[in-house]
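Below is upload-v2.cif, holding mmCIF, C-alpha atoms.
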```cif
data_coords
loop_
_atom_site.label_atom_id
_atom_site.label_comp_id
_atom_site.auth_asym_id
_atom_site.auth_seq_id
_atom_site.Cartn_x
_atom_site.Cartn_y
_atom_site.Cartn_z
CA MET M 173 23.94 21.65 -7.64
CA ALA M 174 20.58 23.06 -6.76
CA VAL M 175 17.56 20.91 -6.24
CA ASP M 176 13.99 21.66 -5.26
CA VAL M 177 12.86 19.99 -2.07
CA ARG M 178 9.12 19.60 -1.70
CA LEU M 179 8.23 19.72 1.96
CA PRO M 180 5.51 17.80 3.76
CA THR M 181 2.80 20.03 5.19
CA VAL M 182 3.99 19.48 8.74
CA LEU M 183 7.40 21.02 8.01
CA ARG M 184 6.33 24.02 5.99
CA GLY M 185 5.82 26.18 9.02
CA HIS M 186 9.54 25.91 9.67
CA ALA M 187 10.28 27.30 6.20
CA GLY M 188 8.03 30.32 6.35
CA GLY M 189 5.13 28.37 4.89
CA ALA M 190 6.97 27.46 1.69
CA SER M 191 6.00 24.15 0.09
CA VAL M 192 9.25 23.99 -1.87
CA VAL M 193 12.72 25.12 -0.86
CA GLN M 194 15.83 25.17 -3.01
CA VAL M 195 18.93 23.56 -1.56
CA ASP M 196 22.40 22.69 -2.85
CA GLY M 197 23.98 19.29 -2.48
CA ALA M 198 25.41 16.36 -4.40
CA THR M 199 23.67 13.65 -2.38
CA ILE M 200 20.43 13.37 -0.49
CA GLY M 201 22.38 13.44 2.76
CA GLU M 202 24.03 16.72 1.80
CA VAL M 203 20.76 18.23 0.64
CA LEU M 204 18.97 17.32 3.86
CA SER M 205 21.85 18.46 6.08
CA LYS M 206 21.97 21.84 4.38
CA MET M 207 18.22 22.17 4.54
CA LEU M 208 18.24 21.43 8.26
CA ALA M 209 21.06 23.91 8.80
CA GLU M 210 18.98 26.56 7.07
CA TYR M 211 15.73 25.61 8.80
CA PRO M 212 16.75 24.29 12.20
CA GLY M 213 13.12 24.01 13.29
CA MET M 214 12.90 20.85 11.21
CA SER M 215 15.61 19.15 13.23
CA GLY M 216 14.65 15.80 14.61
CA GLN M 217 11.81 15.35 12.14
CA VAL M 218 13.81 14.33 9.09
CA LEU M 219 17.02 12.83 10.40
CA THR M 220 17.54 11.02 13.67
CA GLU M 221 20.18 12.02 16.20
CA ASP M 222 22.61 9.55 14.70
CA GLY M 223 22.13 11.09 11.28
CA SER M 224 20.01 8.41 9.65
CA LEU M 225 16.70 8.95 7.91
CA HIS M 226 13.81 9.22 10.34
CA LYS M 227 11.48 6.26 10.10
CA PHE M 228 8.42 8.48 9.91
CA VAL M 229 9.47 10.14 6.67
CA ASN M 230 10.04 8.93 3.16
CA VAL M 231 12.38 10.80 0.85
CA TYR M 232 12.24 10.53 -2.89
CA VAL M 233 14.49 11.66 -5.72
CA ASP M 234 12.13 12.31 -8.60
CA ASP M 235 10.00 9.13 -8.57
CA ASP M 236 12.15 6.90 -6.41
CA ASP M 237 12.21 6.25 -2.69
CA VAL M 238 15.82 6.71 -1.60
CA ARG M 239 15.54 3.75 0.78
CA TYR M 240 15.51 1.61 -2.35
CA LEU M 241 18.40 3.50 -3.90
CA GLN M 242 21.47 4.37 -1.86
CA GLY M 243 19.76 5.97 1.10
CA LEU M 244 21.39 9.22 2.13
CA ASP M 245 24.23 8.52 -0.31
CA THR M 246 21.82 8.66 -3.25
CA PRO M 247 23.20 11.20 -5.72
CA VAL M 248 21.01 14.02 -6.92
CA HIS M 249 21.27 15.64 -10.30
CA ASP M 250 20.88 19.30 -11.08
CA GLY M 251 17.21 20.12 -11.30
CA ALA M 252 16.11 16.97 -9.46
CA GLU M 253 12.97 17.13 -7.43
CA VAL M 254 13.40 15.82 -3.93
CA SER M 255 10.16 15.09 -2.07
CA ILE M 256 9.77 14.51 1.62
CA LEU M 257 6.52 12.92 2.72
CA PRO M 258 5.33 11.36 5.93
CA ALA M 259 5.42 7.59 6.22
CA VAL M 260 1.76 6.94 6.99
CA ALA M 261 0.95 3.81 8.90
CA GLY M 262 -0.81 2.65 12.01
CA GLY M 263 -2.69 -0.14 13.60
CA MET U 40 -14.74 19.67 12.48
CA LEU U 41 -14.45 17.56 9.38
CA ARG U 42 -16.85 18.05 6.49
CA LEU U 43 -17.04 15.08 4.19
CA PRO U 44 -19.26 15.27 1.10
CA ARG U 45 -21.60 12.32 1.00
CA PRO U 46 -20.15 10.70 -2.17
CA LEU U 47 -16.70 10.72 -0.57
CA TYR U 48 -18.09 9.31 2.67
CA MET U 49 -19.72 6.51 0.70
CA GLU U 50 -16.56 5.83 -1.27
CA MET U 51 -14.50 5.72 1.91
CA VAL U 52 -16.82 3.28 3.68
CA ALA U 53 -17.16 1.13 0.56
CA HIS U 54 -13.38 0.96 0.22
CA CYS U 55 -13.09 -0.15 3.83
CA LEU U 56 -15.72 -2.85 3.35
CA GLU U 57 -14.06 -4.03 0.15
CA GLY U 58 -10.78 -4.30 2.01
CA LEU U 59 -12.08 -6.86 4.49
CA PRO U 60 -10.74 -8.92 6.11
CA ASP U 61 -7.76 -6.53 6.04
CA GLU U 62 -7.66 -2.97 7.20
CA ALA U 63 -8.12 -0.46 4.40
CA CYS U 64 -6.79 3.07 4.06
CA GLY U 65 -6.73 6.20 1.96
CA LEU U 66 -5.92 9.89 1.96
CA LEU U 67 -8.00 13.03 2.32
CA VAL U 68 -7.12 15.95 0.09
CA GLY U 69 -8.19 19.54 0.41
CA SER U 70 -6.93 22.67 2.11
CA TYR U 71 -4.27 21.76 4.66
CA GLY U 72 -5.55 22.56 8.10
CA GLY U 73 -9.03 23.13 6.72
CA ASP U 74 -12.26 21.29 7.47
CA GLU U 75 -13.57 20.41 4.03
CA VAL U 76 -12.46 17.27 2.26
CA ALA U 77 -12.38 18.06 -1.44
CA HIS U 78 -11.02 14.79 -2.79
CA LEU U 79 -10.60 11.29 -1.49
CA PHE U 80 -7.90 8.92 -2.69
CA VAL U 81 -8.22 5.27 -1.83
CA THR U 82 -4.92 3.44 -1.55
CA PRO U 83 -4.00 -0.21 -1.07
CA ASN U 84 -2.96 -1.31 2.39
CA ALA U 85 0.69 -2.06 1.72
CA ALA U 86 0.82 -4.00 4.98
CA GLY U 87 -1.91 -6.36 3.73
CA SER U 88 -3.01 -6.95 7.31
CA ALA U 89 -6.11 -7.05 9.47
CA MET U 90 -4.09 -5.52 12.31
CA VAL U 91 -2.10 -2.70 10.76
CA TYR U 92 -2.08 -0.51 7.71
CA GLU U 93 0.56 1.24 5.71
CA ILE U 94 0.15 3.63 2.82
CA ASP U 95 2.58 2.57 0.15
CA PRO U 96 5.29 5.25 -0.16
CA LYS U 97 4.85 5.35 -3.92
CA GLU U 98 1.13 5.93 -3.45
CA MET U 99 1.92 8.79 -1.07
CA LEU U 100 4.05 10.40 -3.75
CA ARG U 101 1.38 9.85 -6.39
CA VAL U 102 -1.37 11.35 -4.25
CA ASP U 103 0.81 14.25 -3.18
CA ARG U 104 1.46 15.09 -6.82
CA GLU U 105 -2.19 14.75 -7.75
CA ALA U 106 -3.13 16.94 -4.82
CA ARG U 107 -0.64 19.55 -5.92
CA ALA U 108 -2.09 19.46 -9.45
CA LEU U 109 -5.49 20.12 -7.88
CA GLY U 110 -4.10 23.07 -5.95
CA ALA U 111 -4.57 21.19 -2.69
CA ASP U 112 -2.66 19.16 -0.15
CA ILE U 113 -3.02 15.94 1.73
CA MET U 114 -5.02 17.00 4.80
CA GLY U 115 -5.67 13.69 6.50
CA VAL U 116 -5.85 9.95 6.33
CA PHE U 117 -8.50 7.36 6.94
CA HIS U 118 -8.23 3.72 7.81
CA SER U 119 -10.45 0.98 9.06
CA HIS U 120 -10.45 -1.00 12.25
CA THR U 121 -11.91 -4.39 11.51
CA HIS U 122 -12.48 -5.58 15.06
CA THR U 123 -12.13 -2.56 17.32
CA ASP U 124 -13.69 0.83 17.96
CA ALA U 125 -13.37 3.83 15.69
CA TYR U 126 -10.72 5.22 17.99
CA PRO U 127 -6.99 5.65 17.31
CA SER U 128 -4.95 2.70 18.54
CA PRO U 129 -1.71 3.36 20.45
CA THR U 130 0.11 2.62 17.20
CA ASP U 131 -2.03 5.17 15.37
CA VAL U 132 -1.22 7.78 17.97
CA ALA U 133 2.49 6.99 18.01
CA GLN U 134 2.70 7.28 14.23
CA ALA U 135 0.56 10.37 13.80
CA THR U 136 3.03 12.97 12.64
CA ASP U 137 0.95 15.90 11.46
CA PRO U 138 -0.95 17.85 14.12
CA ALA U 139 -3.17 19.52 11.52
CA TRP U 140 -4.23 16.34 9.79
CA HIS U 141 -7.62 14.76 10.28
CA TYR U 142 -7.26 11.14 11.33
CA VAL U 143 -10.45 9.33 10.36
CA LEU U 144 -11.31 5.90 11.70
CA VAL U 145 -13.88 3.59 10.18
CA SER U 146 -14.87 0.78 12.51
CA LEU U 147 -16.28 -2.31 10.86
CA ARG U 148 -16.68 -4.19 14.10
CA ASP U 149 -20.43 -3.85 14.24
CA THR U 150 -23.08 -4.43 11.63
CA HIS U 151 -22.99 -0.82 10.50
CA PRO U 152 -19.75 1.07 9.91
CA VAL U 153 -18.93 3.73 12.49
CA VAL U 154 -16.97 6.76 11.30
CA ARG U 155 -15.13 9.11 13.63
CA SER U 156 -12.48 11.76 13.14
CA TYR U 157 -9.68 12.92 15.42
CA LEU U 158 -6.87 15.37 15.72
CA ILE U 159 -3.71 13.91 17.22
CA ARG U 160 -1.23 16.37 18.64
CA ASP U 161 1.81 15.37 20.65
CA GLY U 162 0.20 12.09 21.55
CA HIS U 163 -3.02 13.77 22.65
CA VAL U 164 -6.17 12.58 20.89
CA SER U 165 -9.20 14.83 20.51
CA GLU U 166 -12.32 13.86 18.65
CA GLU U 167 -13.87 16.29 16.23
CA GLN U 168 -17.32 16.48 14.75
CA VAL U 169 -17.90 14.88 11.37
CA GLN U 170 -20.47 16.39 9.05
CA VAL U 171 -21.77 14.46 6.08
CA PRO U 172 -24.35 16.66 4.37
CA GLY U 173 -27.47 14.73 3.56
CA LEU U 174 -26.62 11.87 5.84
CA GLU U 175 -27.76 11.71 9.40
CA VAL U 176 -25.26 9.64 11.28
CA PRO U 177 -25.78 9.17 15.00
CA GLY U 178 -22.58 9.21 16.93
CA LEU U 179 -20.94 11.89 14.85
CA ASP U 180 -21.73 14.71 17.20
CA GLY U 181 -18.41 14.23 18.94
CA HIS U 182 -19.96 14.08 22.37
CA THR U 183 -21.13 10.55 22.73
CA ASP U 184 -19.37 7.28 23.06
CA LEU U 185 -15.96 8.82 23.39
CA GLY U 186 -13.01 6.55 23.48
CA PRO U 187 -12.52 2.84 23.33
CA ASP U 188 -14.30 0.46 25.60
CA PRO U 189 -11.82 -0.07 28.46
CA ASP U 190 -13.03 -3.64 28.85
CA ARG U 191 -12.25 -4.47 25.26
CA PRO U 192 -8.67 -5.25 24.24
CA ALA U 193 -7.25 -2.82 21.71
CA HIS U 194 -6.44 -5.64 19.34
CA PRO U 195 -8.48 -8.73 20.06
CA GLY U 196 -6.94 -10.46 17.07
CA PRO U 197 -8.25 -11.41 13.68
CA GLY U 198 -10.71 -13.96 14.96
CA PRO U 199 -14.40 -13.26 15.31
CA ASP U 200 -15.21 -10.67 17.93
CA PRO U 201 -17.39 -12.24 20.58
CA GLY U 202 -18.69 -8.83 21.55
CA ASP U 203 -20.17 -8.22 24.95
CA PRO U 204 -23.28 -10.34 25.37
CA GLU U 205 -24.36 -8.41 28.43
CA ASN U 206 -24.13 -5.05 26.72
CA PRO U 207 -24.41 -5.53 22.99
CA GLY U 208 -24.71 -1.85 22.24
CA ALA U 209 -21.52 -0.89 24.06
CA GLY U 210 -18.72 0.92 22.41
CA GLY U 211 -20.18 2.24 19.21
CA LEU U 212 -23.10 4.04 17.80
CA GLN U 213 -24.07 3.02 14.36
CA ALA U 214 -24.57 4.77 11.11
CA THR U 215 -28.12 4.52 9.93
CA GLY U 216 -27.70 6.28 6.58
#
```
Rewrite the structure from the file as C-alpha coordinates, please.
Amino acid sequence: MAVDVRLPTVLRGHAGGASVVQVDGATIGEVLSKMLAEYPGMSGQVLTEDGSLHKFVNVYVDDDDVRYLQGLDTPVHDGAEVSILPAVAGG
Amino acid sequence: MLRLPRPLYMEMVAHCLEGLPDEACGLLVGSYGGDEVAHLFVTPNAAGSAMVYEIDPKEMLRVDREARALGADIMGVFHSHTHTDAYPSPTDVAQATDPAWHYVLVSLRDTHPVVRSYLIRDGHVSEEQVQVPGLEVPGLDGHTDLGPDPDRPAHPGPGPDPGDPENPGAGGLQATG
(Lines of atoms letter the chains of each structure in order from A and count residues from 1; the text may use other names and numbers.)
(Lines give C-alpha, C1' and ligand atoms only; values in the text may rest on other atoms or scores of the structure.)
Protein backbone atom coordinates (compact mmCIF):
# COMPACT_ATOMS: atom_id res chain seq x y z
CA MET A 1 0.00 0.00 0.00
CA ALA A 2 1.13 3.51 -0.68
CA VAL A 3 1.87 5.97 2.04
CA ASP A 4 3.12 9.53 2.04
CA VAL A 5 6.38 10.04 3.87
CA ARG A 6 7.03 13.58 5.03
CA LEU A 7 10.75 14.20 5.05
CA PRO A 8 12.74 16.32 7.47
CA THR A 9 14.37 19.31 5.84
CA VAL A 10 17.82 17.78 6.09
CA LEU A 11 16.85 14.83 3.89
CA ARG A 12 14.93 16.65 1.19
CA GLY A 13 18.00 17.37 -0.85
CA HIS A 14 18.36 13.64 -1.37
CA ALA A 15 14.85 13.47 -2.84
CA GLY A 16 15.18 16.28 -5.33
CA GLY A 17 13.94 18.81 -2.80
CA ALA A 18 10.60 17.06 -2.25
CA SER A 19 9.07 17.43 1.21
CA VAL A 20 6.87 14.38 0.71
CA VAL A 21 7.61 11.16 -1.13
CA GLN A 22 5.24 8.30 -1.80
CA VAL A 23 6.45 4.83 -0.89
CA ASP A 24 4.90 1.36 -0.75
CA GLY A 25 5.13 -0.91 2.24
CA ALA A 26 3.10 -2.78 4.84
CA THR A 27 5.23 -1.80 7.82
CA ILE A 28 7.36 1.16 8.75
CA GLY A 29 10.45 -0.97 8.24
CA GLU A 30 9.38 -1.82 4.70
CA VAL A 31 8.48 1.77 3.92
CA LEU A 32 11.83 3.09 5.14
CA SER A 33 13.82 0.35 3.39
CA LYS A 34 12.13 1.07 0.09
CA MET A 35 12.57 4.78 0.54
CA LEU A 36 16.28 4.32 1.22
CA ALA A 37 16.61 2.06 -1.81
CA GLU A 38 15.05 4.77 -3.94
CA TYR A 39 17.02 7.61 -2.36
CA PRO A 40 20.33 6.08 -1.31
CA GLY A 41 21.69 9.48 -0.30
CA MET A 42 19.62 9.19 2.87
CA SER A 43 21.43 6.05 3.93
CA GLY A 44 22.86 6.17 7.40
CA GLN A 45 20.61 9.03 8.46
CA VAL A 46 17.41 7.10 9.08
CA LEU A 47 18.47 3.56 9.85
CA THR A 48 21.69 2.43 11.48
CA GLU A 49 24.01 -0.13 9.92
CA ASP A 50 22.32 -2.90 11.85
CA GLY A 51 18.96 -1.85 10.49
CA SER A 52 17.48 -0.22 13.57
CA LEU A 53 16.00 3.24 13.75
CA HIS A 54 18.64 5.95 14.06
CA LYS A 55 18.57 7.61 17.44
CA PHE A 56 18.61 11.08 15.91
CA VAL A 57 15.31 10.64 14.10
CA ASN A 58 11.77 10.10 15.21
CA VAL A 59 9.30 8.37 12.92
CA TYR A 60 5.57 8.73 13.26
CA VAL A 61 2.58 6.99 11.72
CA ASP A 62 -0.10 9.63 11.61
CA ASP A 63 0.07 11.05 15.16
CA ASP A 64 2.05 8.33 16.87
CA ASP A 65 5.76 7.85 17.45
CA VAL A 66 6.58 4.35 16.23
CA ARG A 67 8.95 3.83 19.16
CA TYR A 68 5.83 3.64 21.30
CA LEU A 69 4.07 1.34 18.86
CA GLN A 70 5.88 -1.63 17.35
CA GLY A 71 8.97 0.15 16.11
CA LEU A 72 9.89 -0.83 12.58
CA ASP A 73 7.23 -3.56 12.69
CA THR A 74 4.49 -0.98 13.10
CA PRO A 75 1.93 -1.60 10.36
CA VAL A 76 0.90 1.21 8.07
CA HIS A 77 -2.48 1.55 6.47
CA ASP A 78 -3.21 2.75 2.99
CA GLY A 79 -3.15 6.51 2.95
CA ALA A 80 -1.25 6.80 6.23
CA GLU A 81 1.02 9.74 6.71
CA VAL A 82 4.47 8.79 7.86
CA SER A 83 6.56 11.65 9.22
CA ILE A 84 10.27 11.63 9.83
CA LEU A 85 11.61 14.39 12.05
CA PRO A 86 14.89 14.99 13.79
CA ALA A 87 15.16 14.09 17.45
CA VAL A 88 16.20 17.46 18.83
CA ALA A 89 18.16 17.46 22.05
CA GLY A 90 21.39 18.70 23.51
CA GLY A 91 23.11 19.83 26.61
CA MET B 1 22.97 35.80 9.76
CA LEU B 2 19.85 35.31 11.80
CA ARG B 3 17.15 37.97 11.86
CA LEU B 4 14.86 37.71 14.83
CA PRO B 5 11.95 40.14 15.15
CA ARG B 6 12.01 41.81 18.52
CA PRO B 7 8.74 40.30 19.84
CA LEU B 8 10.07 36.82 19.08
CA TYR B 9 13.40 37.64 20.71
CA MET B 10 11.55 38.79 23.82
CA GLU B 11 9.34 35.72 23.84
CA MET B 12 12.36 33.45 23.49
CA VAL B 13 14.29 35.07 26.33
CA ALA B 14 11.19 35.18 28.54
CA HIS B 15 10.57 31.49 27.93
CA CYS B 16 14.15 30.71 28.90
CA LEU B 17 13.85 32.74 32.10
CA GLU B 18 10.53 31.11 32.95
CA GLY B 19 12.14 27.72 32.50
CA LEU B 20 14.70 28.26 35.24
CA PRO B 21 16.21 26.41 36.97
CA ASP B 22 15.92 24.01 34.01
CA GLU B 23 17.09 24.57 30.49
CA ALA B 24 14.34 25.75 28.16
CA CYS B 25 13.91 25.22 24.44
CA GLY B 26 11.83 25.96 21.39
CA LEU B 27 11.78 25.94 17.62
CA LEU B 28 12.31 28.61 14.98
CA VAL B 29 10.03 28.52 11.96
CA GLY B 30 10.44 30.29 8.67
CA SER B 31 12.05 29.59 5.33
CA TYR B 32 14.39 26.61 5.64
CA GLY B 33 17.92 27.77 5.07
CA GLY B 34 16.81 31.39 5.26
CA ASP B 35 17.79 34.10 7.72
CA GLU B 36 14.46 35.45 8.90
CA VAL B 37 12.60 33.84 11.76
CA ALA B 38 8.90 34.20 11.01
CA HIS B 39 7.44 32.29 13.95
CA LEU B 40 8.69 31.06 17.26
CA PHE B 41 7.29 28.02 19.04
CA VAL B 42 8.16 27.50 22.66
CA THR B 43 8.18 23.88 23.76
CA PRO B 44 8.57 22.19 27.13
CA ASN B 45 11.94 20.69 27.95
CA ALA B 46 10.99 17.03 27.93
CA ALA B 47 14.22 16.25 29.76
CA GLY B 48 13.18 18.51 32.65
CA SER B 49 16.82 19.20 33.41
CA ALA B 50 19.21 22.04 34.14
CA MET B 51 21.90 20.17 32.18
CA VAL B 52 20.21 18.93 29.02
CA TYR B 53 17.18 19.60 26.92
CA GLU B 54 14.99 17.54 24.67
CA ILE B 55 12.16 18.66 22.47
CA ASP B 56 9.31 16.26 23.02
CA PRO B 57 8.79 14.20 19.84
CA LYS B 58 5.09 14.94 19.88
CA GLU B 59 5.84 18.65 20.08
CA MET B 60 8.16 18.30 17.09
CA LEU B 61 5.33 16.76 15.11
CA ARG B 62 2.90 19.44 16.23
CA VAL B 63 5.25 22.28 15.31
CA ASP B 64 6.16 20.67 12.01
CA ARG B 65 2.49 20.49 11.10
CA GLU B 66 1.83 24.05 12.20
CA ALA B 67 4.84 25.20 10.22
CA ARG B 68 3.56 23.41 7.16
CA ALA B 69 0.15 25.06 7.59
CA LEU B 70 1.98 28.39 7.64
CA GLY B 71 3.80 27.51 4.44
CA ALA B 72 7.08 27.34 6.34
CA ASP B 73 9.46 24.86 7.89
CA ILE B 74 11.35 24.40 11.10
CA MET B 75 14.56 26.34 10.44
CA GLY B 76 16.30 26.16 13.79
CA VAL B 77 16.13 25.56 17.48
CA PHE B 78 16.93 27.56 20.57
CA HIS B 79 17.76 26.47 24.06
CA SER B 80 19.17 27.98 27.19
CA HIS B 81 22.34 27.32 29.08
CA THR B 82 21.70 28.09 32.71
CA HIS B 83 25.28 28.13 33.95
CA THR B 84 27.51 28.26 30.90
CA ASP B 85 28.29 30.44 27.91
CA ALA B 86 26.01 30.92 24.93
CA TYR B 87 28.10 28.45 22.99
CA PRO B 88 27.15 24.96 21.80
CA SER B 89 28.21 22.26 24.24
CA PRO B 90 29.87 19.10 22.90
CA THR B 91 26.49 17.41 23.29
CA ASP B 92 24.84 20.16 21.26
CA VAL B 93 27.38 19.73 18.50
CA ALA B 94 27.13 15.95 18.51
CA GLN B 95 23.35 16.08 18.22
CA ALA B 96 23.10 18.85 15.65
CA THR B 97 21.76 17.06 12.60
CA ASP B 98 20.76 19.79 10.19
CA PRO B 99 23.56 21.85 8.64
CA ALA B 100 21.14 24.56 7.51
CA TRP B 101 19.48 25.06 10.86
CA HIS B 102 20.22 28.00 13.10
CA TYR B 103 21.23 26.82 16.56
CA VAL B 104 20.49 29.62 19.01
CA LEU B 105 21.88 29.64 22.52
CA VAL B 106 20.55 31.78 25.34
CA SER B 107 22.94 31.98 28.26
CA LEU B 108 21.39 32.84 31.60
CA ARG B 109 24.63 32.59 33.48
CA ASP B 110 25.06 36.31 33.93
CA THR B 111 22.66 38.97 35.08
CA HIS B 112 21.54 39.72 31.54
CA PRO B 113 20.71 37.00 29.03
CA VAL B 114 23.24 36.56 26.23
CA VAL B 115 21.91 35.37 22.87
CA ARG B 116 24.11 33.89 20.16
CA SER B 117 23.42 31.90 17.02
CA TYR B 118 25.50 29.24 15.28
CA LEU B 119 25.59 26.99 12.28
CA ILE B 120 26.84 23.49 13.04
CA ARG B 121 28.08 21.48 10.10
CA ASP B 122 29.85 18.15 10.42
CA GLY B 123 30.86 18.98 13.95
CA HIS B 124 32.21 22.39 12.97
CA VAL B 125 30.68 25.34 14.81
CA SER B 126 30.54 28.79 13.25
CA GLU B 127 28.92 31.77 14.87
CA GLU B 128 26.64 33.97 12.84
CA GLN B 129 25.42 37.48 13.39
CA VAL B 130 22.08 37.97 15.12
CA GLN B 131 19.97 40.96 14.20
CA VAL B 132 17.10 42.04 16.40
CA PRO B 133 15.60 45.15 14.80
CA GLY B 134 15.02 47.85 17.35
CA LEU B 135 17.22 46.25 19.94
CA GLU B 136 20.86 47.07 20.30
CA VAL B 137 22.53 44.06 21.78
CA PRO B 138 26.28 44.19 22.30
CA GLY B 139 27.96 40.93 21.57
CA LEU B 140 25.77 40.05 18.64
CA ASP B 141 28.19 41.23 16.02
CA GLY B 142 29.67 37.77 15.77
CA HIS B 143 33.21 38.98 16.20
CA THR B 144 33.64 39.37 19.89
CA ASP B 145 33.82 36.94 22.72
CA LEU B 146 33.90 33.91 20.49
CA GLY B 147 33.76 30.56 22.11
CA PRO B 148 33.55 29.32 25.63
CA ASP B 149 35.95 30.38 28.30
CA PRO B 150 38.60 27.64 28.27
CA ASP B 151 39.07 28.05 32.01
CA ARG B 152 35.43 27.38 32.70
CA PRO B 153 34.14 23.81 32.73
CA ALA B 154 31.52 23.11 30.08
CA HIS B 155 29.08 21.92 32.70
CA PRO B 156 29.95 23.20 36.14
CA GLY B 157 26.84 21.57 37.55
CA PRO B 158 23.56 22.89 38.79
CA GLY B 159 25.01 24.67 41.79
CA PRO B 160 25.64 28.39 41.86
CA ASP B 161 28.32 29.53 39.47
CA PRO B 162 31.12 31.12 41.43
CA GLY B 163 32.20 33.02 38.35
CA ASP B 164 35.70 34.35 38.02
CA PRO B 165 36.36 36.91 40.74
CA GLU B 166 39.49 38.13 39.03
CA ASN B 167 37.79 38.73 35.73
CA PRO B 168 34.08 39.19 36.30
CA GLY B 169 33.38 40.30 32.77
CA ALA B 170 34.95 37.26 31.15
CA GLY B 171 33.10 35.03 28.81
CA GLY B 172 30.03 36.96 27.86
CA LEU B 173 28.85 40.30 26.73
CA GLN B 174 25.49 41.28 27.97
CA ALA B 175 22.29 42.38 26.40
CA THR B 176 21.38 45.88 27.40
CA GLY B 177 18.02 46.09 25.63
Open item on the list: Need to verify the contact set: Gly262 (chain M), 10 Å, all atoms listed in the file, exclusion of same-chain residues closer than 6 positions in sequence. Can you return it as an NGL selection string?
Closed with: :U and (64 or 86 or 90-94 or 118 or 127-135)
Open item on the list: What would the selection look like, as a list in words, if the PyMOL selection byres ((chain M) within 8 of (chain U)) were run on the coordinates I just shared?
Closed with: Thr181, Val182, Phe228, Asn230, Asp235, Asp236, Asp237, Ser255, Leu257, Pro258, Ala259, Val260, Ala261, Gly262 and Gly263 of chain M
Task: Nearest candidate to Met51 (chain U) (options U:Arg107, U:Glu98, U:Val145, U:Gly115; using all atoms listed in the file) - done: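 Using all atoms listed in the file, the shortest distance to Met51 (chain U) belongs to U:Val145.
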Task: Nearest to Leu109 (chain U), chosen from U:Pro46, U:Gly58, U:Gly69, U:Pro152, with all atoms listed in the file counted in the distances - done: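 With all atoms listed in the file as the atom set, the closest residue is U:Gly69.
Among U:Ala106, U:Leu147, U:Ala63, U:Val171, the residue with the shortest atom-to-atom distance to Leu41 (chain U), counting only C-alpha atoms, is U:Val171.
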- [ ] Go ahead and compute the interatomic distance for CA of His249 (chain M) and CA of Ser224 (chain M), in Å to one decimal.
- [x]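 Separating CA of His249 (chain M) from CA of Ser224 (chain M) is a distance of 21.3 Å.
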- [ ] Decode the PyMOL selection byres ((chain M and resi 190-204) around 6) for the given file into explicit residues and return them as number ranges by chain.
- [x] M: 173-179, 184, 187-189, 205-207, 244-248
Any chance you could resolve the PyMOL selection byres ((chain U and resi 158) around 7) against this file and give the residues as a tab-separated table (two decimals) with C-alpha atoms, keeping the file's coordinate frame?
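Here's the written file part.tsv:
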```tsv
chain	number	residue	atom	x	y	z
U	138	PRO	CA	-0.95	17.85	14.12
U	139	ALA	CA	-3.17	19.52	11.52
U	140	TRP	CA	-4.23	16.34	9.79
U	141	HIS	CA	-7.62	14.76	10.28
U	142	TYR	CA	-7.26	11.14	11.33
U	157	TYR	CA	-9.68	12.92	15.42
U	159	ILE	CA	-3.71	13.91	17.22
U	160	ARG	CA	-1.23	16.37	18.64
U	164	VAL	CA	-6.17	12.58	20.89
U	165	SER	CA	-9.20	14.83	20.51
U	166	GLU	CA	-12.32	13.86	18.65
```
Task: Point-to-point distance in Å for CA of Cys55 (chain U) and CA of Val153 (chain U) - done: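 Computed distance, CA of Val153 (chain U) to CA of Cys55 (chain U), equals 11.1 Å.
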Open item on the list: So the first atom is CA of Pro44 (chain U) and the second is CA of Val102 (chain U); what is the distance between them in Å, to one decimal place?
Closed with: 19.1 Å
